[in-house]
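Data file: entry-v8.cif. Format and content: mmCIF, C-alpha atoms.
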data_structure
loop_
_atom_site.label_atom_id
_atom_site.label_comp_id
_atom_site.auth_asym_id
_atom_site.auth_seq_id
_atom_site.Cartn_x
_atom_site.Cartn_y
_atom_site.Cartn_z
CA MET H 1 -9.70 0.61 -26.20
CA ILE H 2 -8.75 4.07 -25.01
CA ALA H 3 -5.31 5.16 -26.04
CA THR H 4 -3.08 8.05 -25.15
CA PRO H 5 -0.95 8.50 -28.23
CA GLU H 6 2.56 9.73 -27.88
CA PRO H 7 4.52 11.42 -30.63
CA ALA H 8 6.74 9.25 -32.74
CA HIS H 9 9.70 11.43 -31.90
CA ASP H 10 9.88 13.53 -28.76
CA PRO H 11 12.98 15.76 -28.41
CA GLU H 12 12.53 15.62 -24.63
CA TRP H 13 13.03 11.87 -24.64
CA ASP H 14 16.32 10.42 -25.77
CA PRO H 15 16.78 7.05 -24.04
CA LYS H 16 20.41 5.97 -24.19
CA GLU H 17 21.23 2.32 -24.70
CA MET H 18 23.62 0.70 -22.23
CA PRO H 19 25.47 -2.59 -22.52
CA PHE H 20 23.97 -5.46 -20.51
CA THR H 21 27.01 -5.55 -18.22
CA GLU H 22 26.54 -1.85 -17.42
CA HIS H 23 22.93 -2.57 -16.42
CA LEU H 24 24.12 -5.34 -14.13
CA ARG H 25 26.74 -3.11 -12.51
CA GLU H 26 24.20 -0.34 -11.96
CA LEU H 27 21.68 -2.84 -10.57
CA ARG H 28 24.26 -4.23 -8.15
CA SER H 29 25.24 -0.75 -7.02
CA ARG H 30 21.66 0.29 -6.36
CA LEU H 31 20.89 -2.98 -4.56
CA LEU H 32 23.87 -2.45 -2.28
CA VAL H 33 22.74 1.09 -1.47
CA SER H 34 19.19 -0.13 -0.75
CA ILE H 35 20.36 -3.01 1.47
CA ALA H 36 22.77 -0.72 3.34
CA ALA H 37 20.01 1.86 3.95
CA VAL H 38 17.52 -0.75 5.23
CA GLY H 39 20.22 -2.41 7.34
CA ALA H 40 21.35 0.84 8.94
CA ILE H 41 17.80 1.92 9.79
CA SER H 42 16.98 -1.55 11.15
CA LEU H 43 20.04 -1.43 13.37
CA LEU H 44 18.97 1.94 14.76
CA LEU H 45 15.46 0.62 15.43
CA PHE H 46 16.51 -2.57 17.19
CA TRP H 47 16.98 -1.03 20.64
CA PRO H 48 13.77 1.12 20.57
CA SER H 49 11.79 -1.92 19.40
CA GLN H 50 11.66 -3.28 22.97
CA TYR H 51 9.55 -0.24 23.87
CA ALA H 52 7.64 0.14 20.59
CA ILE H 53 6.35 -3.45 20.46
CA PRO H 54 4.64 -3.42 23.90
CA TRP H 55 3.08 -0.03 23.12
CA LEU H 56 1.78 -1.27 19.77
CA VAL H 57 0.30 -4.39 21.33
CA ARG H 58 -1.29 -2.52 24.25
CA ALA H 59 -2.99 -0.19 21.78
CA TYR H 60 -5.19 -3.05 20.54
CA PHE H 61 -5.00 -5.94 23.04
CA HIS H 62 -6.05 -4.25 26.27
CA GLY H 63 -5.57 -6.34 29.40
CA ILE H 64 -4.14 -9.35 27.54
CA THR H 65 -0.67 -10.61 28.46
CA LEU H 66 1.36 -11.87 25.54
CA HIS H 67 3.59 -14.92 25.86
CA ALA H 68 6.96 -15.95 24.46
CA PHE H 69 6.94 -19.65 23.56
CA GLY H 70 10.69 -19.96 23.22
CA PRO H 71 13.85 -18.40 24.68
CA ALA H 72 14.60 -16.56 21.42
CA ASP H 73 11.04 -15.45 20.63
CA VAL H 74 11.46 -11.91 21.95
CA ILE H 75 14.78 -11.30 20.23
CA LEU H 76 13.51 -12.70 16.93
CA THR H 77 10.35 -10.62 17.17
CA GLU H 78 12.34 -7.48 17.85
CA PHE H 79 14.60 -8.34 14.92
CA LYS H 80 11.61 -8.83 12.57
CA PHE H 81 10.04 -5.61 13.81
CA SER H 82 13.29 -3.74 13.17
CA ILE H 83 13.52 -5.14 9.64
CA VAL H 84 9.94 -4.12 8.87
CA GLY H 85 10.64 -0.67 10.31
CA GLY H 86 13.82 -0.45 8.26
CA ILE H 87 11.88 -1.22 5.08
CA VAL H 88 9.10 1.25 5.91
CA PHE H 89 11.38 4.13 6.89
CA GLY H 90 13.84 3.23 4.15
CA LEU H 91 11.12 3.18 1.50
CA PRO H 92 12.08 6.62 0.10
CA VAL H 93 15.61 5.32 -0.53
CA LEU H 94 14.31 2.07 -2.03
CA LEU H 95 11.86 3.83 -4.33
CA TYR H 96 14.48 6.37 -5.36
CA GLN H 97 16.95 3.62 -6.31
CA ILE H 98 14.28 1.75 -8.27
CA TRP H 99 13.20 4.93 -10.00
CA MET H 100 16.72 5.96 -10.96
CA PHE H 101 17.30 2.49 -12.42
CA VAL H 102 14.22 2.54 -14.66
CA VAL H 103 13.87 6.28 -15.39
CA PRO H 104 16.09 6.31 -18.51
CA ALA H 105 13.51 4.09 -20.24
CA VAL H 106 10.49 6.08 -19.04
CA HIS H 107 8.88 8.73 -21.23
CA PRO H 108 8.94 12.27 -19.75
CA ARG H 109 5.12 12.34 -19.71
CA THR H 110 5.06 9.20 -17.57
CA ARG H 111 7.74 10.65 -15.30
CA ARG H 112 5.60 13.71 -14.64
CA MET H 113 2.64 11.45 -13.87
CA VAL H 114 4.70 9.49 -11.34
CA PHE H 115 5.90 12.67 -9.63
CA ALA H 116 2.32 13.95 -9.41
CA PHE H 117 1.25 10.77 -7.61
CA ILE H 118 3.89 10.83 -4.84
CA ALA H 119 2.22 13.23 -2.40
CA PRO H 120 -1.34 11.79 -2.82
CA SER H 121 0.02 8.26 -2.40
CA ILE H 122 1.74 9.14 0.88
CA GLY H 123 -1.37 10.95 2.12
CA LEU H 124 -3.64 8.01 1.27
CA SER H 125 -1.28 5.57 2.97
CA LEU H 126 -1.38 7.63 6.17
CA LEU H 127 -5.18 7.83 5.91
CA GLY H 128 -5.35 4.05 5.54
CA LEU H 129 -3.14 3.54 8.58
CA ALA H 130 -5.29 5.93 10.62
CA PHE H 131 -8.48 4.16 9.54
CA ALA H 132 -7.05 0.77 10.49
CA HIS H 133 -5.72 2.10 13.81
CA PHE H 134 -8.82 3.91 15.01
CA ILE H 135 -11.66 1.89 13.46
CA VAL H 136 -10.77 -1.50 12.01
CA LEU H 137 -8.17 -3.00 14.35
CA PRO H 138 -10.01 -2.31 17.64
CA ARG H 139 -13.21 -3.89 16.33
CA VAL H 140 -11.53 -6.88 14.64
CA VAL H 141 -9.41 -7.60 17.71
CA ALA H 142 -12.45 -7.34 20.01
CA ALA H 143 -14.34 -9.77 17.77
CA LEU H 144 -11.47 -12.27 17.73
CA VAL H 145 -11.01 -12.11 21.50
CA ALA H 146 -14.76 -12.59 22.04
CA ILE H 147 -14.73 -15.66 19.78
CA THR H 148 -11.71 -17.07 21.62
CA ASP H 149 -13.24 -16.46 25.05
CA LYS H 150 -16.20 -18.71 24.19
CA VAL H 151 -14.06 -21.82 23.74
CA ALA H 152 -10.62 -21.18 25.23
CA THR H 153 -8.48 -18.95 27.41
CA PRO H 154 -6.68 -16.34 25.29
CA THR H 155 -2.97 -17.15 25.27
CA PHE H 156 -1.50 -15.13 22.45
CA GLY H 157 2.07 -15.37 21.29
CA LEU H 158 4.12 -12.22 20.90
CA SER H 159 5.38 -12.95 17.40
CA GLN H 160 2.00 -14.01 15.97
CA THR H 161 0.20 -11.05 17.54
CA LEU H 162 2.66 -8.50 16.23
CA GLY H 163 2.54 -10.08 12.78
CA PHE H 164 -1.26 -9.85 12.79
CA ILE H 165 -1.15 -6.14 13.66
CA LEU H 166 1.46 -5.28 11.05
CA ILE H 167 -0.36 -7.22 8.32
CA LEU H 168 -3.64 -5.39 8.93
CA LEU H 169 -1.94 -1.99 9.05
CA GLY H 170 -0.05 -2.73 5.84
CA LEU H 171 -3.20 -4.09 4.17
CA PHE H 172 -5.14 -0.88 4.73
CA ALA H 173 -2.20 1.27 3.64
CA LEU H 174 -2.37 -0.65 0.35
CA ILE H 175 -6.19 -0.65 0.08
CA PHE H 176 -6.19 3.13 0.31
CA GLN H 177 -4.00 3.25 -2.79
CA THR H 178 -7.06 2.32 -4.88
CA PRO H 179 -7.57 5.86 -6.25
CA ILE H 180 -3.92 6.11 -7.24
CA VAL H 181 -4.08 2.81 -9.13
CA LEU H 182 -7.34 3.63 -10.91
CA VAL H 183 -6.27 7.16 -11.87
CA ALA H 184 -2.96 5.82 -13.21
CA LEU H 185 -4.80 3.17 -15.25
CA ALA H 186 -7.13 5.86 -16.59
CA ARG H 187 -4.23 8.10 -17.57
CA LEU H 188 -2.64 5.20 -19.43
CA GLY H 189 -5.90 4.61 -21.27
CA ILE H 190 -6.65 1.18 -19.78
CA VAL H 191 -9.88 2.25 -18.00
CA ASN H 192 -12.07 5.35 -17.97
CA ALA H 193 -14.83 6.86 -15.85
CA VAL H 194 -17.61 5.41 -18.00
CA LEU H 195 -16.22 1.88 -17.68
CA LEU H 196 -15.83 2.20 -13.91
CA GLN H 197 -19.36 3.54 -13.56
CA ARG H 198 -20.68 0.62 -15.58
CA PHE H 199 -19.11 -1.89 -13.18
CA ARG H 200 -19.85 -0.10 -9.89
CA ARG H 201 -22.47 -2.68 -8.84
CA GLN H 202 -20.08 -5.55 -9.46
CA ALA H 203 -17.40 -3.66 -7.55
CA LEU H 204 -19.74 -3.12 -4.58
CA PHE H 205 -20.66 -6.81 -4.56
CA ALA H 206 -16.98 -7.83 -4.74
CA PHE H 207 -16.07 -5.50 -1.87
CA PHE H 208 -18.80 -6.92 0.37
CA VAL H 209 -17.80 -10.49 -0.51
CA GLY H 210 -14.21 -9.62 0.38
CA GLY H 211 -15.36 -7.91 3.57
CA GLY H 212 -17.43 -10.97 4.50
CA ILE H 213 -14.45 -13.25 4.00
CA ALA H 214 -12.14 -10.97 5.99
CA ALA H 215 -14.61 -10.29 8.84
CA PRO H 216 -13.56 -12.68 11.62
CA ASP H 217 -16.92 -12.76 13.42
CA GLY H 218 -19.29 -12.67 10.45
CA ASN H 219 -20.83 -9.53 11.94
CA PRO H 220 -22.47 -7.31 9.27
CA VAL H 221 -21.06 -4.21 10.98
CA THR H 222 -17.52 -5.57 10.79
CA MET H 223 -18.14 -6.58 7.17
CA ALA H 224 -19.33 -3.06 6.37
CA LEU H 225 -16.28 -1.52 8.09
CA LEU H 226 -14.10 -3.44 5.65
CA ALA H 227 -16.21 -3.12 2.49
CA ILE H 228 -17.58 0.43 2.61
CA PRO H 229 -14.17 2.22 2.66
CA MET H 230 -13.12 0.29 -0.45
CA TYR H 231 -16.31 1.23 -2.26
CA VAL H 232 -16.05 4.88 -1.18
CA LEU H 233 -12.51 4.97 -2.56
CA TYR H 234 -13.80 3.40 -5.80
CA GLU H 235 -16.53 6.05 -6.17
CA ALA H 236 -14.12 8.86 -5.29
CA SER H 237 -11.75 7.57 -7.95
CA ILE H 238 -14.50 7.80 -10.58
CA TRP H 239 -15.20 11.46 -9.80
CA VAL H 240 -11.51 12.31 -9.75
CA ILE H 241 -11.07 10.62 -13.14
CA VAL H 242 -14.09 12.51 -14.57
CA VAL H 243 -12.45 15.80 -13.63
CA LEU H 244 -8.98 14.79 -14.80
CA GLU H 245 -10.17 13.44 -18.14
CA LYS H 246 -11.23 16.95 -19.16
CA SER H 247 -7.76 18.35 -18.49
CA TRP H 248 -6.14 15.36 -20.20
CA ARG H 249 -8.18 16.01 -23.34
CA ARG H 250 -7.11 19.66 -23.37
CA ASN H 251 -3.44 18.82 -22.80
CA ASP H 252 -3.49 16.07 -25.44
CA GLY H 253 -5.15 18.31 -28.00
CA GLY H 254 -8.41 16.34 -27.92
CA ALA H 255 -6.67 13.06 -28.71
CA TYR H 256 -7.45 11.49 -25.35
CA GLY H 257 -10.33 9.04 -25.48
CA ARG H 258 -10.29 8.42 -29.23
CA THR H 259 -10.45 4.82 -30.32
#

Is it possible to express this structure as structure tokens?
Amino acid sequence: MIATPEPAHDPEWDPKEMPFTEHLRELRSRLLVSIAAVGAISLLLFWPSQYAIPWLVRAYFHGITLHAFGPADVILTEFKFSIVGGIVFGLPVLLYQIWMFVVPAVHPRTRRMVFAFIAPSIGLSLLGLAFAHFIVLPRVVAALVAITDKVATPTFGLSQTLGFILILLGLFALIFQTPIVLVALARLGIVNAVLLQRFRRQALFAFFVGGGIAAPDGNPVTMALLAIPMYVLYEASIWVIVVLEKSWRRNDGGAYGRT
């Protein structure tokens, strides 16, 4: 197993022990700040949601009228949308509070690694959202509508439709974090480029199986649209790790990669 040894004593790192009650008080304080931030942003988004939801739906479901199946459906949908928006836009506050809670127990080397991943993670998330918006969602929605048209008249509910859109957007934002996860695992010594190269065929097979399960129409093109980006991210991760491993060995004095 690959290991990244750390010195027994590092003057940079002096974790201070706190009583359990102090941890609870700090946790409560940070939870309150996080809830207040999400709540305030959600409140601000509630009024604009009545305009954002129709725009979001029209972007993918052209010419289809959505229906509310209950008197409170629209209000509840706008409320859910506002909460999701509050979490998304409040994510910097949430992550900061989580980080400040755990950072005293994190080694300075790991802290630097986390900081280095922030900008690439945001960029990959935006890339995943763009890929889902321009390529995946239009095709998946068209396939689902075509399947529905064969046996029934499309009568889509507002809440279910919005949930479907948000889930797919969020899924691809997460899928595009694959390089971040693999590079982090490599830096921690859990995987390396050689191991990932050895299992690339299995990874490709797994991605196409997942794409086949997720493709609503069973169309090979739709399957490829889902599977190929994941495999490309996997291959890109390998090459990034190959380059980074050289710098890690230099910085660790050649200790990186020893068993």

Given the choices H:Ile118, H:Ala143, H:Ile175, H:Leu185, which gets closest to Val232 in chain H if the distance is worked out from only C-alpha atoms?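 Nearest to Val232 in chain H: H:Ile175.
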
Distance CA of Leu56 in chain H-CA of Pro179 in chain H, one decimal place?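 Separating CA of Leu56 in chain H from CA of Pro179 in chain H is a distance of 28.6 Å.
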
In Å, how far is it from CA of Phe176 in chain H to CA of Ile228 in chain H?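 Rounded to one decimal, the two atoms are 11.9 Å apart.
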
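Using all atoms listed in the file, the protein and nucleic acid residues lying no more than 8 Å from range 66-78 of chain H, apart from those fewer than 4 places from it along its own chain, are Phe46, Ser49, Gln50, Ile53, Ser82, Thr155, Phe156, Gly157, Leu158 and Ser159 of chain H.
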
Skipping near chain neighbours, those fewer than 6 positions away, what residues fall within 7 Å of range 28-35 of chain H using only C-alpha atoms, listed as a ChimeraX atom specification? /H:93-94,97

Long-range neighbours of Phe172 in chain H as a CSV table (one decimal) with C-alpha atoms, in the coordinates of the input, 7 Å cut-off, only C-alpha atoms, 3 positions minimum in chain:
chain,number,residue,atom,x,y,z
H,128,GLY,CA,-5.4,4.0,5.5
H,129,LEU,CA,-3.1,3.5,8.6
H,132,ALA,CA,-7.0,0.8,10.5
H,168,LEU,CA,-3.6,-5.4,8.9
H,169,LEU,CA,-1.9,-2.0,9.0
H,175,ILE,CA,-6.2,-0.6,0.1
H,176,PHE,CA,-6.2,3.1,0.3

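Note that the spacing between CA of Gly123 in chain H and CA of Thr178 in chain H amounts to 12.5 Å.
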
One residue among H:Val243, H:Leu162, H:Met223, H:Leu233 is nearest to Arg139 in chain H when using only C-alpha atoms, and that residue is H:Met223

Quick one: residues within 10 Å of Ala214 in chain H, only C-alpha atoms counted, chain neighbours fewer than 3 positions away excluded, as a list in words? Val140, Phe208, Val209, Gly210, Gly211, Asp217, Gly218, Thr222, Met223, Leu226 and Ala227 of chain H

Using all atoms listed in the file, determine which residues lie at most 10 Å from Val242 in chain H, disregarding the query and same-chain residues fewer than 6 positions distant; provide the list as a ChimeraX atom specification. /H:183,186,192-194,236

Counting only C-alpha atoms, which of H:Gly189, H:Tyr234, H:Val102, H:Leu182 gets nearest to Ala203 in chain H? H:Tyr234

I need the residue set behind the PyMOL selection byres ((chain H and resi 85) around 12) for this file; please write it as a PDB file with C-alpha atoms, in the frame of the given file.
ATOM      1  CA  ALA H  37      20.010   1.860   3.950  1.00  0.00           C
ATOM      2  CA  VAL H  38      17.520  -0.750   5.230  1.00  0.00           C
ATOM      3  CA  GLY H  39      20.220  -2.410   7.340  1.00  0.00           C
ATOM      4  CA  ALA H  40      21.350   0.840   8.940  1.00  0.00           C
ATOM      5  CA  ILE H  41      17.800   1.920   9.790  1.00  0.00           C
ATOM      6  CA  SER H  42      16.980  -1.550  11.150  1.00  0.00           C
ATOM      7  CA  LEU H  43      20.040  -1.430  13.370  1.00  0.00           C
ATOM      8  CA  LEU H  44      18.970   1.940  14.760  1.00  0.00           C
ATOM      9  CA  LEU H  45      15.460   0.620  15.430  1.00  0.00           C
ATOM     10  CA  PHE H  46      16.510  -2.570  17.190  1.00  0.00           C
ATOM     11  CA  PRO H  48      13.770   1.120  20.570  1.00  0.00           C
ATOM     12  CA  SER H  49      11.790  -1.920  19.400  1.00  0.00           C
ATOM     13  CA  ALA H  52       7.640   0.140  20.590  1.00  0.00           C
ATOM     14  CA  ILE H  53       6.350  -3.450  20.460  1.00  0.00           C
ATOM     15  CA  GLU H  78      12.340  -7.480  17.850  1.00  0.00           C
ATOM     16  CA  PHE H  79      14.600  -8.340  14.920  1.00  0.00           C
ATOM     17  CA  LYS H  80      11.610  -8.830  12.570  1.00  0.00           C
ATOM     18  CA  PHE H  81      10.040  -5.610  13.810  1.00  0.00           C
ATOM     19  CA  SER H  82      13.290  -3.740  13.170  1.00  0.00           C
ATOM     20  CA  ILE H  83      13.520  -5.140   9.640  1.00  0.00           C
ATOM     21  CA  VAL H  84       9.940  -4.120   8.870  1.00  0.00           C
ATOM     22  CA  GLY H  86      13.820  -0.450   8.260  1.00  0.00           C
ATOM     23  CA  ILE H  87      11.880  -1.220   5.080  1.00  0.00           C
ATOM     24  CA  VAL H  88       9.100   1.250   5.910  1.00  0.00           C
ATOM     25  CA  PHE H  89      11.380   4.130   6.890  1.00  0.00           C
ATOM     26  CA  GLY H  90      13.840   3.230   4.150  1.00  0.00           C
ATOM     27  CA  LEU H  91      11.120   3.180   1.500  1.00  0.00           C
ATOM     28  CA  LEU H 166       1.460  -5.280  11.050  1.00  0.00           C
ATOM     29  CA  GLY H 170      -0.050  -2.730   5.840  1.00  0.00           C
TER      30      GLY H 170
END

Return the single residue from H:Pro19, H:Glu26, H:Tyr60, H:Trp248 that is closest to Pro138 in chain H, with distances computed using only C-alpha atoms.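 Closest residue, counting only C-alpha atoms: H:Tyr60.
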